[in-house]
Amino acid sequence: MKFESAHVDTDSLLRRACGGDASAFADIVRRHQATVFSIGYRMLGRRDAAEDLAQDVFLQLYRKLDSIESIEHLGFWLRRVAANLAIDRLRRVPYSTTYPLDDAALGADAEPGVPDTSEDHLMTRALAKLLGELAPAPRAVMVLRYQEDRDVAEIAAALDMPVNTVKSHIKRSLTALRALMIGARLEIS
Amino acid sequence: MSQDIENQLRRALRPVDPSAGFAERVMRALPESTPRAAPVVALRSAARPNLWRRLSTPAALAASLVVAVLLGQQAGRQQVEREQRAGLAARAELLQALRITSKKLDLAYQAVNRPAPAPPPAEENPS
């Protein structure tokens, strides 16, 4: 029931934004900014680059509002545009090679100011870092799968890839990450 | 192990918020006027340009045709006037030539018809 009312609210926001209501559009931005920004951040590894990307995504959305059919379509559209824009930018400028992920991107410490040295936390940070070693397309697949919790069919549609290619990217990336994790675990211990 | 790494990936990829004021910065960057989802009124008013666009090409062609015909007629009239002027000039030249020729003929006629001068008196033989 609560979900339905939120759903109706967002649909009405969408209608108002389509009618030119700026405050409704600002609300849409606030509701979806973490998703769009996080995709950019995990893909590009820099806050400034991720904010630029997120801003471009929302500007594109503003121009295309009339083509958005529903709130589900809005979420899909934002993830699709953010991921593809990030892939394009990575192909033009290889951020990962020049700008490694900062601490915030690698996962915050449990208590601010107190470095978390537990193995699990260190492994999580290492995993986030290792993700940056993947090529742009498989990286986008992994971000949409494990950050956005999207299924294979939706990832395939968002990235214009065959479903089998998405499955193959996930399988190969997990194998590569597992191998890298084993190496990292050995280093930690 | 597979489940383990997938769970660790989910933890590693928790969503991150952009810096404070991000939405406000996006709103400031929006263009002043952007084509919106057209309301019904806008669609109705948009019908007029479409009708005009449909008619404008034939209208322009018709106007061009009329202008071309008018220009052609004007050029034809100018051509006739030029030919008339040239004809008059040629006629004047011909008359002038005839007048000159006539004068010359008169002179020649007068010269022919002039009585011959009397021969000089013969000199007396002294012997």
# chains A, B, ... in the order shown; residues from 1 in each chain; ligands from 1
>>> interface_residues(of="chain A", to="chain B", cutoff="6 Å", atoms="only C-alpha atoms", output="PyMOL selection string")
chain A and resi 18+29-30+34+38+55+66+124+128+146-147
>>> atom_distance(atom1="CA of Asp27 (chain A)", atom2="CA of Leu13 (chain A)")
7.6 Å
>>> atom_distance(atom1="CA of Met181 (chain A)", atom2="CA of Ile155 (chain A)")
24.8 Å
>>> atom_distance(atom1="CA of Leu88 (chain B)", atom2="CA of Asp106 (chain B)")
26.5 Å
>>> residues_around(residues="Arg42 (chain A)", least_positions_apart="2", cutoff="8 Å", atoms="only C-alpha atoms", output="PyMOL selection string")
(chain A and resi 38-40+44-45+105+132+143) or (chain B and resi 13)
>>> residues_around(residues="region 78-81 of chain A", least_positions_apart="4", cutoff="7 Å", atoms="only C-alpha atoms", output="ChimeraX atom specification")
/A:36,57,74,85,158-159
>>> write_last_selection(atoms="N, CA and C atoms", output="tab-separated table (two decimals), in the first residue's frame")
chain	number	residue	atom	x	y	z
A	36	VAL	N	21.84	7.60	-10.36
A	36	VAL	CA	22.58	8.08	-11.53
A	36	VAL	C	24.02	8.41	-11.15
A	57	VAL	N	23.04	13.60	-17.66
A	57	VAL	CA	21.92	12.66	-17.76
A	57	VAL	C	20.60	13.38	-17.45
A	74	LEU	N	11.09	5.54	-16.46
A	74	LEU	CA	12.03	6.59	-16.04
A	74	LEU	C	13.29	5.96	-15.43
A	85	LEU	N	26.51	6.52	-21.26
A	85	LEU	CA	27.33	7.74	-21.26
A	85	LEU	C	28.67	7.47	-20.58
A	158	ALA	N	19.31	-2.41	-21.54
A	158	ALA	CA	19.89	-1.10	-21.23
A	158	ALA	C	21.18	-0.86	-21.99
A	159	LEU	N	21.96	-1.93	-22.16
A	159	LEU	CA	23.27	-1.75	-22.80
A	159	LEU	C	23.28	-2.21	-24.26
>>> select_by_dssp(residues="region 25-186 of chain A", states="alpha helix (DSSP H)", output="number ranges by chain")
A: 25-44, 47-64, 71-92, 95-98, 119-131, 136-142, 152-159, 163-186
>>> write_last_selection(atoms="C-alpha atoms", output="short mmCIF file (atom, residue, chain, number, x, y, z; two decimals), in the first residue's frame")
data_model
loop_
_atom_site.label_atom_id
_atom_site.label_comp_id
_atom_site.auth_asym_id
_atom_site.auth_seq_id
_atom_site.Cartn_x
_atom_site.Cartn_y
_atom_site.Cartn_z
CA PHE A 25 11.40 18.01 -11.98
CA ALA A 26 13.69 18.97 -9.06
CA ASP A 27 11.94 16.30 -6.94
CA ILE A 28 12.55 13.71 -9.66
CA VAL A 29 16.23 14.68 -9.68
CA ARG A 30 16.46 14.33 -5.87
CA ARG A 31 14.77 10.90 -5.93
CA HIS A 32 17.04 9.49 -8.63
CA GLN A 33 20.30 11.37 -8.12
CA ALA A 34 21.93 8.63 -6.00
CA THR A 35 21.27 5.98 -8.65
CA VAL A 36 22.58 8.08 -11.53
CA PHE A 37 25.52 9.49 -9.57
CA SER A 38 26.53 6.05 -8.25
CA ILE A 39 26.56 4.51 -11.73
CA GLY A 40 28.83 7.34 -12.87
CA TYR A 41 30.98 7.06 -9.75
CA ARG A 42 31.50 3.29 -9.97
CA MET A 43 32.20 3.55 -13.67
CA LEU A 44 34.45 6.62 -13.74
CA ARG A 47 33.24 12.40 -7.87
CA ASP A 48 33.67 15.38 -10.24
CA ALA A 49 33.41 13.21 -13.36
CA ALA A 50 30.41 11.38 -11.88
CA GLU A 51 28.63 14.67 -11.05
CA ASP A 52 29.28 15.97 -14.58
CA LEU A 53 27.86 12.76 -15.98
CA ALA A 54 24.82 12.81 -13.68
CA GLN A 55 24.12 16.43 -14.59
CA ASP A 56 24.28 15.59 -18.30
CA VAL A 57 21.92 12.66 -17.76
CA PHE A 58 19.33 14.87 -16.02
CA LEU A 59 19.66 17.57 -18.70
CA GLN A 60 18.96 14.92 -21.32
CA LEU A 61 16.01 13.73 -19.26
CA TYR A 62 14.62 17.27 -19.13
CA ARG A 63 14.69 17.44 -22.93
CA LYS A 64 13.13 13.97 -23.30
CA ILE A 71 8.02 5.68 -13.47
CA GLU A 72 9.45 2.23 -14.36
CA HIS A 73 10.42 3.58 -17.74
CA LEU A 74 12.03 6.59 -16.04
CA GLY A 75 14.24 4.33 -13.88
CA PHE A 76 15.21 2.19 -16.85
CA TRP A 77 15.88 5.28 -19.00
CA LEU A 78 18.14 6.86 -16.35
CA ARG A 79 20.18 3.69 -15.81
CA ARG A 80 20.49 3.12 -19.54
CA VAL A 81 21.63 6.66 -20.35
CA ALA A 82 23.98 6.88 -17.34
CA ALA A 83 25.66 3.53 -18.10
CA ASN A 84 26.05 4.20 -21.82
CA LEU A 85 27.33 7.74 -21.26
CA ALA A 86 29.88 6.39 -18.76
CA ILE A 87 31.03 3.71 -21.24
CA ASP A 88 31.46 6.40 -23.93
CA ARG A 89 33.47 8.60 -21.58
CA LEU A 90 35.66 5.73 -20.41
CA ARG A 91 36.41 4.84 -24.00
CA ARG A 92 37.44 8.43 -24.71
CA TYR A 95 39.75 7.47 -16.01
CA SER A 96 40.53 4.23 -14.23
CA THR A 97 44.14 4.29 -15.33
CA THR A 98 44.74 7.90 -14.27
CA GLU A 119 39.14 -8.51 6.64
CA ASP A 120 35.62 -8.21 5.29
CA HIS A 121 35.86 -4.44 4.99
CA LEU A 122 39.28 -4.62 3.39
CA MET A 123 38.02 -7.23 0.95
CA THR A 124 35.02 -5.08 0.08
CA ARG A 125 37.29 -2.12 -0.60
CA ALA A 126 39.61 -4.28 -2.67
CA LEU A 127 36.65 -5.60 -4.66
CA ALA A 128 35.41 -2.10 -5.46
CA LYS A 129 38.92 -1.21 -6.56
CA LEU A 130 39.30 -4.34 -8.66
CA LEU A 131 36.03 -3.59 -10.41
CA PRO A 136 34.02 -0.47 -19.66
CA ALA A 137 31.27 -2.80 -20.95
CA PRO A 138 31.71 -5.60 -18.39
CA ARG A 139 32.14 -2.97 -15.67
CA ALA A 140 28.77 -1.47 -16.62
CA VAL A 141 27.21 -4.94 -16.58
CA MET A 142 28.56 -5.56 -13.06
CA VAL A 152 20.08 -10.01 -17.01
CA ALA A 153 17.30 -9.16 -19.49
CA GLU A 154 17.07 -5.57 -18.32
CA ILE A 155 20.85 -5.14 -18.39
CA ALA A 156 20.87 -6.50 -21.95
CA ALA A 157 18.18 -4.02 -22.99
CA ALA A 158 19.89 -1.10 -21.23
CA LEU A 159 23.27 -1.75 -22.80
CA VAL A 163 21.41 -11.62 -23.09
CA ASN A 164 24.11 -14.25 -23.57
CA THR A 165 26.79 -11.57 -23.78
CA VAL A 166 25.58 -10.12 -20.47
CA LYS A 167 25.67 -13.57 -18.87
CA SER A 168 29.13 -14.16 -20.26
CA HIS A 169 30.37 -10.76 -18.94
CA ILE A 170 29.03 -11.57 -15.47
CA LYS A 171 30.56 -15.05 -15.44
CA ARG A 172 33.95 -13.93 -16.69
CA SER A 173 34.04 -10.87 -14.43
CA LEU A 174 33.18 -12.93 -11.36
CA THR A 175 35.91 -15.43 -12.25
CA ALA A 176 38.43 -12.64 -12.75
CA LEU A 177 37.38 -10.87 -9.55
CA ARG A 178 37.52 -14.13 -7.62
CA ALA A 179 41.05 -14.76 -8.83
CA LEU A 180 42.05 -11.22 -7.94
CA MET A 181 40.36 -11.58 -4.55
CA ILE A 182 42.29 -14.74 -3.81
CA GLY A 183 45.47 -12.85 -4.58
CA ALA A 184 44.35 -9.93 -2.40
CA ARG A 185 43.34 -12.26 0.44
CA LEU A 186 46.77 -13.82 0.32
#
